[in-house]
file model22.txt (compact mmCIF, C-alpha atoms)
# COMPACT_ATOMS: atom_id res chain seq x y z
CA MET A 1 -19.62 -92.46 19.54
CA GLU A 2 -19.61 -93.49 15.88
CA PRO A 3 -17.64 -90.39 14.71
CA VAL A 4 -14.94 -91.23 17.30
CA VAL A 5 -14.74 -94.83 16.07
CA GLU A 6 -14.46 -93.60 12.49
CA GLU A 7 -11.61 -91.25 13.46
CA VAL A 8 -9.75 -94.09 15.19
CA ARG A 9 -10.17 -96.32 12.14
CA ASP A 10 -8.92 -93.50 9.96
CA ILE A 11 -5.60 -93.42 11.87
CA THR A 12 -3.41 -95.76 9.86
CA VAL A 13 0.22 -96.75 10.27
CA ARG A 14 1.01 -94.68 7.22
CA LYS A 15 -0.52 -91.55 8.77
CA VAL A 16 1.25 -92.09 12.09
CA THR A 17 4.55 -92.53 10.24
CA ARG A 18 3.89 -89.34 8.31
CA TRP A 19 3.18 -87.42 11.52
CA CYS A 20 6.37 -88.77 13.10
CA CYS A 21 8.43 -87.80 10.06
CA SER A 22 6.92 -84.31 10.10
CA THR A 23 7.76 -83.89 13.79
CA ILE A 24 11.33 -85.04 13.16
CA MET A 25 11.60 -82.55 10.29
CA VAL A 26 10.44 -79.66 12.52
CA PHE A 27 12.68 -80.35 15.53
CA GLY A 28 15.34 -82.70 14.17
CA GLY A 29 17.32 -79.87 12.58
CA VAL A 30 18.23 -78.33 15.94
CA VAL A 31 19.33 -81.61 17.56
CA PRO A 32 22.91 -81.52 16.15
CA TYR A 33 23.52 -78.18 17.88
CA ILE A 34 22.58 -79.43 21.35
CA PRO A 35 25.91 -81.28 21.95
CA GLN A 36 27.84 -78.28 20.56
CA TYR A 37 25.90 -75.91 22.82
CA ARG A 38 26.56 -78.17 25.80
CA GLU A 39 30.27 -78.44 24.99
CA ILE A 40 30.68 -74.66 24.73
CA TYR A 41 28.72 -74.14 27.95
CA ILE A 42 30.70 -76.72 29.96
CA LYS A 43 34.17 -75.81 28.64
CA GLN A 44 33.43 -72.08 28.45
CA ASP A 45 35.27 -72.07 25.13
CA ALA A 46 33.65 -71.09 21.83
CA GLU A 47 36.82 -70.96 19.73
CA GLY A 48 36.22 -74.28 17.95
CA PHE A 49 32.78 -73.31 16.68
CA SER A 50 32.39 -70.97 13.71
CA MET A 51 29.62 -68.45 14.27
CA TYR A 52 29.38 -68.05 10.50
CA VAL A 53 27.43 -71.34 10.64
CA CYS A 54 24.77 -69.38 12.55
CA LEU A 55 24.88 -66.58 9.97
CA ALA A 56 24.42 -69.05 7.10
CA LEU A 57 21.43 -70.68 8.79
CA LEU A 58 19.77 -67.40 9.78
CA VAL A 59 19.99 -66.11 6.20
CA ALA A 60 18.94 -69.46 4.70
CA ASN A 61 15.92 -69.96 6.94
CA THR A 62 14.75 -66.35 6.66
CA LEU A 63 14.83 -66.72 2.86
CA ARG A 64 13.06 -70.07 3.12
CA ILE A 65 10.26 -68.54 5.20
CA LEU A 66 9.80 -65.84 2.52
CA PHE A 67 9.91 -68.53 -0.19
CA TRP A 68 6.84 -70.12 1.41
CA PHE A 69 4.76 -67.00 0.69
CA GLY A 70 5.59 -67.22 -3.00
CA LYS A 71 5.48 -70.99 -3.40
CA ARG A 72 3.67 -72.95 -0.72
CA TYR A 73 5.47 -76.07 0.48
CA GLU A 74 4.74 -78.36 3.42
CA LEU A 75 4.13 -76.64 6.77
CA PRO A 76 6.64 -78.81 8.69
CA LEU A 77 9.42 -77.35 6.52
CA LEU A 78 8.19 -73.83 7.32
CA PHE A 79 8.04 -74.54 11.06
CA GLN A 80 11.52 -76.09 10.83
CA SER A 81 12.91 -72.77 9.61
CA ILE A 82 11.31 -70.86 12.50
CA VAL A 83 12.63 -73.33 15.10
CA MET A 84 16.11 -73.27 13.54
CA ASN A 85 16.30 -69.47 13.69
CA ILE A 86 15.46 -69.60 17.40
CA MET A 87 18.19 -72.19 17.97
CA MET A 88 20.78 -70.12 16.10
CA LEU A 89 19.99 -67.09 18.25
CA LEU A 90 20.53 -69.23 21.35
CA MET A 91 23.89 -70.40 19.97
CA ILE A 92 24.96 -66.81 19.22
CA HIS A 93 23.89 -65.64 22.68
CA LEU A 94 26.02 -68.32 24.34
CA CYS A 95 29.07 -67.73 22.09
CA VAL A 96 29.02 -63.96 22.65
CA LYS A 97 28.62 -64.42 26.39
CA VAL A 98 31.47 -66.95 26.62
CA ARG A 99 33.85 -64.96 24.41
CA ASN A 100 33.28 -61.75 26.36
CA LYS A 101 33.85 -63.58 29.64
CA THR A 102 37.01 -65.46 28.62
CA GLN A 103 38.73 -62.71 26.61
CA LEU A 104 42.04 -61.93 28.36
CA ILE A 105 42.59 -58.55 26.73
CA ARG A 106 39.30 -56.79 26.10
CA GLY A 107 39.34 -54.77 22.89
CA PRO A 108 36.89 -52.00 21.99
CA ASP A 109 33.25 -52.97 21.81
CA ARG A 110 31.86 -53.52 18.30
CA TYR A 111 28.21 -52.96 17.42
CA PHE A 112 26.06 -53.50 14.35
CA THR A 113 25.05 -49.82 14.45
CA ASP A 114 28.73 -48.84 13.94
CA PHE A 115 28.24 -50.03 10.33
CA ASP A 116 31.91 -50.99 10.21
CA TRP A 117 31.98 -53.93 7.80
CA HIS A 118 35.54 -54.83 8.81
CA TYR A 119 33.95 -56.25 11.97
CA PHE A 120 30.86 -57.74 10.37
CA TRP A 121 29.56 -60.67 12.45
CA GLN A 122 32.24 -60.00 15.07
CA TRP A 123 30.10 -57.79 17.28
CA THR A 124 30.59 -57.92 21.01
CA ASP A 125 26.96 -57.72 22.12
CA PHE A 126 24.03 -60.04 21.40
CA GLN A 127 21.66 -57.16 20.59
CA SER A 128 23.69 -56.35 17.47
CA TYR A 129 22.91 -59.79 16.04
CA ILE A 130 19.21 -59.27 16.76
CA ASP A 131 19.36 -55.85 15.06
CA PHE A 132 20.99 -57.39 11.99
CA LEU A 133 18.35 -60.14 11.77
CA ILE A 134 15.52 -57.61 12.06
CA ALA A 135 17.05 -55.28 9.45
CA MET A 136 17.71 -58.17 7.05
CA SER A 137 14.20 -59.59 7.52
CA ILE A 138 12.55 -56.22 6.87
CA CYS A 139 14.59 -55.55 3.71
CA LEU A 140 14.03 -59.03 2.28
CA SER A 141 10.32 -58.93 3.15
CA ILE A 142 9.83 -55.64 1.29
CA ILE A 143 11.65 -56.94 -1.79
CA THR A 144 9.69 -60.20 -1.70
CA PHE A 145 6.38 -58.34 -1.35
CA ILE A 146 7.22 -56.22 -4.42
CA PHE A 147 8.14 -59.25 -6.57
CA LEU A 148 5.76 -61.75 -4.95
CA HIS A 149 4.04 -62.62 -8.24
CA ASN A 150 7.26 -62.90 -10.23
CA VAL A 151 7.80 -66.65 -10.63
CA ILE A 152 11.48 -66.34 -11.54
CA PHE A 153 12.21 -64.18 -8.48
CA ILE A 154 10.44 -66.62 -6.15
CA GLU A 155 12.33 -69.59 -7.62
CA ILE A 156 15.63 -67.72 -7.17
CA ILE A 157 14.76 -67.01 -3.52
CA GLY A 158 14.06 -70.70 -2.97
CA PHE A 159 17.31 -71.72 -4.61
CA LEU A 160 19.37 -69.16 -2.67
CA ALA A 161 17.74 -70.19 0.62
CA LEU A 162 18.54 -73.85 0.17
CA LEU A 163 21.96 -73.29 -1.37
CA THR A 164 22.94 -71.11 1.60
CA GLU A 165 21.73 -73.81 3.97
CA ALA A 166 23.59 -76.46 1.98
CA MET A 167 26.80 -74.45 2.39
CA LEU A 168 26.40 -73.99 6.16
CA GLY A 169 29.14 -76.52 6.87
CA VAL A 170 31.68 -74.61 4.73
CA PRO A 171 32.64 -72.05 7.45
CA GLN A 172 33.36 -74.94 9.84
CA LEU A 173 35.25 -76.80 7.11
CA VAL A 174 37.38 -73.71 6.37
CA LYS A 175 38.00 -73.08 10.07
CA ASN A 176 39.23 -76.66 10.46
CA LEU A 177 41.56 -76.17 7.48
CA ARG A 178 42.96 -72.94 8.93
CA ASN A 179 43.51 -74.49 12.37
CA ARG A 180 44.64 -77.81 10.88
CA SER A 181 42.54 -79.31 13.67
CA THR A 182 38.95 -80.12 14.60
CA GLU A 183 39.56 -79.43 18.30
CA GLY A 184 36.63 -77.62 19.90
CA MET A 185 34.21 -78.82 17.22
CA SER A 186 31.65 -81.35 18.38
CA VAL A 187 32.06 -84.51 16.29
CA THR A 188 28.63 -85.58 17.57
CA MET A 189 27.21 -82.42 16.01
CA VAL A 190 28.69 -83.28 12.60
CA LEU A 191 27.51 -86.90 12.83
CA LEU A 192 24.01 -85.64 13.59
CA TRP A 193 24.33 -83.15 10.72
CA THR A 194 25.11 -86.00 8.34
CA THR A 195 22.31 -88.24 9.64
CA GLY A 196 19.78 -85.42 9.62
CA ASP A 197 20.74 -84.17 6.17
CA ALA A 198 20.54 -87.69 4.71
CA PHE A 199 17.11 -88.16 6.33
CA LYS A 200 15.70 -84.85 5.13
CA THR A 201 17.03 -85.37 1.59
CA CYS A 202 15.16 -88.69 1.45
CA TYR A 203 12.12 -86.90 2.92
CA PHE A 204 12.30 -84.22 0.21
CA VAL A 205 12.42 -86.83 -2.54
CA SER A 206 9.62 -88.98 -1.10
CA ARG A 207 7.35 -85.98 -0.46
CA LYS A 208 8.04 -84.53 -3.93
CA ALA A 209 9.34 -81.26 -2.48
CA PRO A 210 10.49 -78.56 -4.94
CA LEU A 211 13.67 -79.41 -6.85
CA GLN A 212 15.75 -76.91 -4.86
CA PHE A 213 15.20 -78.89 -1.65
CA TRP A 214 16.62 -82.26 -2.61
CA MET A 215 19.43 -80.92 -4.83
CA CYS A 216 20.79 -78.77 -2.02
CA GLY A 217 20.20 -81.56 0.50
CA THR A 218 22.50 -83.81 -1.52
CA LEU A 219 25.21 -81.11 -1.57
CA GLN A 220 24.83 -80.71 2.19
CA VAL A 221 25.46 -84.43 2.79
CA MET A 222 28.65 -84.25 0.69
CA ILE A 223 29.98 -81.32 2.75
CA ASP A 224 29.14 -83.13 6.01
CA LEU A 225 31.11 -86.17 4.86
CA THR A 226 34.08 -83.93 4.00
CA ILE A 227 34.10 -82.50 7.54
CA LEU A 228 33.98 -86.02 8.97
CA GLY A 229 36.97 -86.78 6.75
CA GLN A 230 38.79 -83.85 8.41
CA VAL A 231 38.15 -85.42 11.82
CA VAL A 232 40.00 -88.55 10.69
CA TRP A 233 42.75 -86.63 8.85
CA TYR A 234 43.60 -84.26 11.71
CA ARG A 235 43.10 -86.67 14.61
CA ASN A 236 46.86 -87.04 15.28
CA GLU A 237 47.92 -83.47 14.45
CA PRO A 238 48.34 -80.81 17.17
CA PRO A 239 46.09 -77.77 16.67
CA TYR A 240 47.62 -74.77 14.93
CA LYS A 241 46.59 -71.60 16.74
CA ILE A 242 46.11 -68.47 14.65
CA PRO A 243 44.58 -65.08 15.51
CA ARG A 244 40.81 -65.28 15.73
CA ILE A 245 38.88 -63.55 12.95
CA ASP A 246 35.39 -64.56 13.99

call {"tool": "encode", "arguments": {"input": "model22.txt", "output": "structure tokens"}}
result
Amino acid sequence: MEPVVEEVRDITVRKVTRWCCSTIMVFGGVVPYIPQYREIYIKQDAEGFSMYVCLALLVANTLRILFWFGKRYELPLLFQSIVMNIMMLLMIHLCVKVRNKTQLIRGPDRYFTDFDWHYFWQWTDFQSYIDFLIAMSICLSIITFIFLHNVIFIEIIGFLALLTEAMLGVPQLVKNLRNRSTEGMSVTMVLLWTTGDAFKTCYFVSRKAPLQFWMCGTLQVMIDLTILGQVVWYRNEPPYKIPRID
């Protein structure tokens, strides 16, 4: 009985808060994509969402997972990357399904194994995106294994991982500029992006995470705020339709 009492006494408010923050870090990153997923599913329209956001996050989180093997950081941040990759695959699956279903004039099918870089990330089947992720993961894993004990290489991987993640909002920002509209983009998603990125940047600083984490987190918040500025700027302008390139 005494060991149980000691364990209960050992649970402090500080520890509970730390556990809660860690849980938020693991699953909080995928929350902004839930309203966007729901909006695409209900409207059966994926035109307002840039799938290059998914590409940026898949690359960033794969690199971040590999970074962990060279420079150990907190496990919640590692688990966050795994959960985020799963969420991005779900987003891609829905977007591909909706676009194939709603396409009025069906063009030729495009596959990753065609190795036609003119249609990179514009493939018409979900399996091609899986194939790309597997091929990328294998190549990066081999390179990381070779240079695992090279400190400079590991630091570069960490920086590239977090810089890529910090720039994930750029494809959406550019798409809004091209369309001169934010129609089809979930404003709730961007608000949650901003809230989550501000929270995790504070978390990085308080937990003394590697420098790459909080520097790129700050950049991410700035990009989120720019996209929110687009929502205000384009709110009274009709959308400008141009041929889809993604």

call {"tool": "closest_residue", "arguments": {"input": "model22.txt", "among": "A:Trp123, A:Tyr41, A:Phe147, A:Tyr52", "to": "Leu173 in chain A", "atoms": "only C-alpha atoms"}}
result
A:Tyr52

call {"tool": "closest_residue", "arguments": {"input": "model22.txt", "among": "A:Val231, A:Cys202, A:Met25, A:Val174", "to": "Val187 in chain A", "atoms": "only C-alpha atoms"}}
result
A:Val231

call {"tool": "closest_residue", "arguments": {"input": "model22.txt", "among": "A:Cys216, A:Val59, A:Ile146, A:Leu225", "to": "Thr195 in chain A", "atoms": "all atoms listed in the file"}}
result
A:Leu225

call {"tool": "residues_around", "arguments": {"input": "model22.txt", "residues": "Ala56 in chain A", "least_positions_apart": "2", "cutoff": "10 Å", "atoms": "all atoms listed in the file", "output": "list of chain:residue names"}}
result
A:Met51, A:Tyr52, A:Val53, A:Cys54, A:Leu58, A:Val59, A:Ala60, A:Asn61, A:Met88, A:Ala161, A:Leu163, A:Thr164, A:Glu165, A:Ala166, A:Met167, A:Leu168, A:Gly169, A:Val170, A:Pro171

call {"tool": "write_last_selection", "arguments": {"input": "model22.txt", "atoms": "C-alpha atoms", "output": "JSON list (two decimals), in the frame of the given file"}}
result
[["chain", "number", "residue", "atom", "x", "y", "z"],
["A", 51, "MET", "CA", 29.62, -68.45, 14.27],
["A", 52, "TYR", "CA", 29.38, -68.05, 10.50],
["A", 53, "VAL", "CA", 27.43, -71.34, 10.64],
["A", 54, "CYS", "CA", 24.77, -69.38, 12.55],
["A", 58, "LEU", "CA", 19.77, -67.40, 9.78],
["A", 59, "VAL", "CA", 19.99, -66.11, 6.20],
["A", 60, "ALA", "CA", 18.94, -69.46, 4.70],
["A", 61, "ASN", "CA", 15.92, -69.96, 6.94],
["A", 88, "MET", "CA", 20.78, -70.12, 16.10],
["A", 161, "ALA", "CA", 17.74, -70.19, 0.62],
["A", 163, "LEU", "CA", 21.96, -73.29, -1.37],
["A", 164, "THR", "CA", 22.94, -71.11, 1.60],
["A", 165, "GLU", "CA", 21.73, -73.81, 3.97],
["A", 166, "ALA", "CA", 23.59, -76.46, 1.98],
["A", 167, "MET", "CA", 26.80, -74.45, 2.39],
["A", 168, "LEU", "CA", 26.40, -73.99, 6.16],
["A", 169, "GLY", "CA", 29.14, -76.52, 6.87],
["A", 170, "VAL", "CA", 31.68, -74.61, 4.73],
["A", 171, "PRO", "CA", 32.64, -72.05, 7.45]]

call {"tool": "atom_distance", "arguments": {"input": "model22.txt", "atom1": "CA of Leu140 in chain A", "atom2": "CA of Leu55 in chain A"}}
result
15.3 Å

call {"tool": "residues_around", "arguments": {"input": "model22.txt", "residues": "Val232 in chain A", "least_positions_apart": "2", "cutoff": "12 Å", "atoms": "all atoms listed in the file", "output": "list in words"}}
result
Asn176, Arg180, Ser181, Thr182, Glu183, Val187, Leu225, Thr226, Ile227, Leu228, Gly229, Gln230, Tyr234, Arg235, Asn236 and Glu237 of chain A

call {"tool": "atom_distance", "arguments": {"input": "model22.txt", "atom1": "CA of Glu39 in chain A", "atom2": "CA of Lys101 in chain A"}}
result
16.0 Å

call {"tool": "atom_distance", "arguments": {"input": "model22.txt", "atom1": "CA of Ile65 in chain A", "atom2": "CA of Val26 in chain A"}}
result
13.3 Å

call {"tool": "closest_residue", "arguments": {"input": "model22.txt", "among": "A:Leu66, A:Leu211, A:Ile40, A:Ile223", "to": "Ile142 in chain A", "atoms": "all atoms listed in the file"}}
result
A:Leu66

call {"tool": "closest_residue", "arguments": {"input": "model22.txt", "among": "A:Phe153, A:Phe126, A:Phe199, A:Trp233", "to": "Thr218 in chain A", "atoms": "all atoms listed in the file"}}
result
A:Phe199

call {"tool": "residues_around", "arguments": {"input": "model22.txt", "residues": "Val96 in chain A", "least_positions_apart": "4", "cutoff": "7 Å", "atoms": "all atoms listed in the file", "output": "list in words"}}
result
Ile92, Asn100, Thr124, Asp125 and Phe126 of chain A

call {"tool": "closest_residue", "arguments": {"input": "model22.txt", "among": "A:Phe115, A:Trp193, A:Phe204, A:Trp19", "to": "Tyr33 in chain A", "atoms": "all atoms listed in the file"}}
result
A:Trp193

call {"tool": "build_atoms", "arguments": {"input": "model22.txt", "residues": "range 53-64 of chain A", "atoms": "all heavy atoms", "output": "PDB file, keeping the file's coordinate frame"}}
result
ATOM      1  N   VAL A  53      28.445 -70.291  10.820  1.00  0.00           N
ATOM      2  CA  VAL A  53      27.430 -71.340  10.640  1.00  0.00           C
ATOM      3  C   VAL A  53      26.063 -70.755  11.008  1.00  0.00           C
ATOM      4  O   VAL A  53      25.066 -70.977  10.304  1.00  0.00           O
ATOM      5  CB  VAL A  53      27.755 -72.578  11.497  1.00  0.00           C
ATOM      6  CG1 VAL A  53      26.588 -73.558  11.499  1.00  0.00           C
ATOM      7  CG2 VAL A  53      29.022 -73.267  10.985  1.00  0.00           C
ATOM      8  N   CYS A  54      26.026 -70.008  12.110  1.00  0.00           N
ATOM      9  CA  CYS A  54      24.770 -69.380  12.550  1.00  0.00           C
ATOM     10  C   CYS A  54      24.295 -68.350  11.527  1.00  0.00           C
ATOM     11  O   CYS A  54      23.098 -68.269  11.231  1.00  0.00           O
ATOM     12  CB  CYS A  54      24.961 -68.709  13.908  1.00  0.00           C
ATOM     13  SG  CYS A  54      25.448 -69.842  15.231  1.00  0.00           S
ATOM     14  N   LEU A  55      25.236 -67.578  10.978  1.00  0.00           N
ATOM     15  CA  LEU A  55      24.880 -66.580   9.970  1.00  0.00           C
ATOM     16  C   LEU A  55      24.261 -67.259   8.748  1.00  0.00           C
ATOM     17  O   LEU A  55      23.214 -66.819   8.241  1.00  0.00           O
ATOM     18  CB  LEU A  55      26.115 -65.787   9.551  1.00  0.00           C
ATOM     19  CG  LEU A  55      25.943 -64.821   8.371  1.00  0.00           C
ATOM     20  CD1 LEU A  55      24.906 -63.751   8.694  1.00  0.00           C
ATOM     21  CD2 LEU A  55      27.275 -64.182   7.995  1.00  0.00           C
ATOM     22  N   ALA A  56      24.909 -68.329   8.276  1.00  0.00           N
ATOM     23  CA  ALA A  56      24.420 -69.050   7.100  1.00  0.00           C
ATOM     24  C   ALA A  56      23.000 -69.560   7.328  1.00  0.00           C
ATOM     25  O   ALA A  56      22.123 -69.434   6.458  1.00  0.00           O
ATOM     26  CB  ALA A  56      25.351 -70.204   6.755  1.00  0.00           C
ATOM     27  N   LEU A  57      22.750 -70.108   8.507  1.00  0.00           N
ATOM     28  CA  LEU A  57      21.430 -70.680   8.790  1.00  0.00           C
ATOM     29  C   LEU A  57      20.373 -69.597   8.997  1.00  0.00           C
ATOM     30  O   LEU A  57      19.214 -69.780   8.611  1.00  0.00           O
ATOM     31  CB  LEU A  57      21.495 -71.605   9.998  1.00  0.00           C
ATOM     32  CG  LEU A  57      22.003 -73.011   9.678  1.00  0.00           C
ATOM     33  CD1 LEU A  57      22.243 -73.812  10.949  1.00  0.00           C
ATOM     34  CD2 LEU A  57      21.021 -73.745   8.777  1.00  0.00           C
ATOM     35  N   LEU A  58      20.736 -68.485   9.612  1.00  0.00           N
ATOM     36  CA  LEU A  58      19.770 -67.400   9.780  1.00  0.00           C
ATOM     37  C   LEU A  58      19.346 -66.830   8.428  1.00  0.00           C
ATOM     38  O   LEU A  58      18.157 -66.589   8.188  1.00  0.00           O
ATOM     39  CB  LEU A  58      20.364 -66.287  10.650  1.00  0.00           C
ATOM     40  CG  LEU A  58      20.460 -66.576  12.158  1.00  0.00           C
ATOM     41  CD1 LEU A  58      21.253 -65.486  12.856  1.00  0.00           C
ATOM     42  CD2 LEU A  58      19.067 -66.697  12.776  1.00  0.00           C
ATOM     43  N   VAL A  59      20.310 -66.622   7.535  1.00  0.00           N
ATOM     44  CA  VAL A  59      19.990 -66.110   6.200  1.00  0.00           C
ATOM     45  C   VAL A  59      19.169 -67.139   5.430  1.00  0.00           C
ATOM     46  O   VAL A  59      18.130 -66.810   4.826  1.00  0.00           O
ATOM     47  CB  VAL A  59      21.288 -65.783   5.422  1.00  0.00           C
ATOM     48  CG1 VAL A  59      20.962 -65.434   3.971  1.00  0.00           C
ATOM     49  CG2 VAL A  59      22.026 -64.625   6.083  1.00  0.00           C
ATOM     50  N   ALA A  60      19.612 -68.401   5.463  1.00  0.00           N
ATOM     51  CA  ALA A  60      18.940 -69.460   4.700  1.00  0.00           C
ATOM     52  C   ALA A  60      17.492 -69.639   5.150  1.00  0.00           C
ATOM     53  O   ALA A  60      16.574 -69.712   4.321  1.00  0.00           O
ATOM     54  CB  ALA A  60      19.695 -70.776   4.853  1.00  0.00           C
ATOM     55  N   ASN A  61      17.273 -69.688   6.454  1.00  0.00           N
ATOM     56  CA  ASN A  61      15.920 -69.960   6.940  1.00  0.00           C
ATOM     57  C   ASN A  61      15.006 -68.750   6.830  1.00  0.00           C
ATOM     58  O   ASN A  61      13.793 -68.907   6.656  1.00  0.00           O
ATOM     59  CB  ASN A  61      15.984 -70.463   8.386  1.00  0.00           C
ATOM     60  CG  ASN A  61      16.463 -71.892   8.469  1.00  0.00           C
ATOM     61  OD1 ASN A  61      15.759 -72.829   8.107  1.00  0.00           O
ATOM     62  ND2 ASN A  61      17.700 -72.088   8.913  1.00  0.00           N
ATOM     63  N   THR A  62      15.568 -67.552   6.900  1.00  0.00           N
ATOM     64  CA  THR A  62      14.750 -66.350   6.660  1.00  0.00           C
ATOM     65  C   THR A  62      14.288 -66.332   5.201  1.00  0.00           C
ATOM     66  O   THR A  62      13.114 -66.050   4.907  1.00  0.00           O
ATOM     67  CB  THR A  62      15.552 -65.082   6.985  1.00  0.00           C
ATOM     68  OG1 THR A  62      15.947 -65.118   8.368  1.00  0.00           O
ATOM     69  CG2 THR A  62      14.706 -63.841   6.747  1.00  0.00           C
ATOM     70  N   LEU A  63      15.198 -66.645   4.280  1.00  0.00           N
ATOM     71  CA  LEU A  63      14.830 -66.720   2.860  1.00  0.00           C
ATOM     72  C   LEU A  63      13.809 -67.826   2.617  1.00  0.00           C
ATOM     73  O   LEU A  63      12.883 -67.667   1.817  1.00  0.00           O
ATOM     74  CB  LEU A  63      16.080 -66.968   2.012  1.00  0.00           C
ATOM     75  CG  LEU A  63      17.027 -65.778   1.802  1.00  0.00           C
ATOM     76  CD1 LEU A  63      18.308 -66.236   1.130  1.00  0.00           C
ATOM     77  CD2 LEU A  63      16.348 -64.686   0.984  1.00  0.00           C
ATOM     78  N   ARG A  64      13.979 -68.940   3.318  1.00  0.00           N
ATOM     79  CA  ARG A  64      13.060 -70.070   3.120  1.00  0.00           C
ATOM     80  C   ARG A  64      11.661 -69.737   3.611  1.00  0.00           C
ATOM     81  O   ARG A  64      10.661 -70.169   3.023  1.00  0.00           O
ATOM     82  CB  ARG A  64      13.597 -71.318   3.816  1.00  0.00           C
ATOM     83  CG  ARG A  64      12.981 -72.600   3.264  1.00  0.00           C
ATOM     84  CD  ARG A  64      13.815 -73.791   3.620  1.00  0.00           C
ATOM     85  NE  ARG A  64      13.466 -74.313   4.931  1.00  0.00           N
ATOM     86  CZ  ARG A  64      13.957 -75.464   5.410  1.00  0.00           C
ATOM     87  NH1 ARG A  64      14.826 -76.151   4.707  1.00  0.00           N
ATOM     88  NH2 ARG A  64      13.603 -75.891   6.592  1.00  0.00           N
TER      89      ARG A  64
END
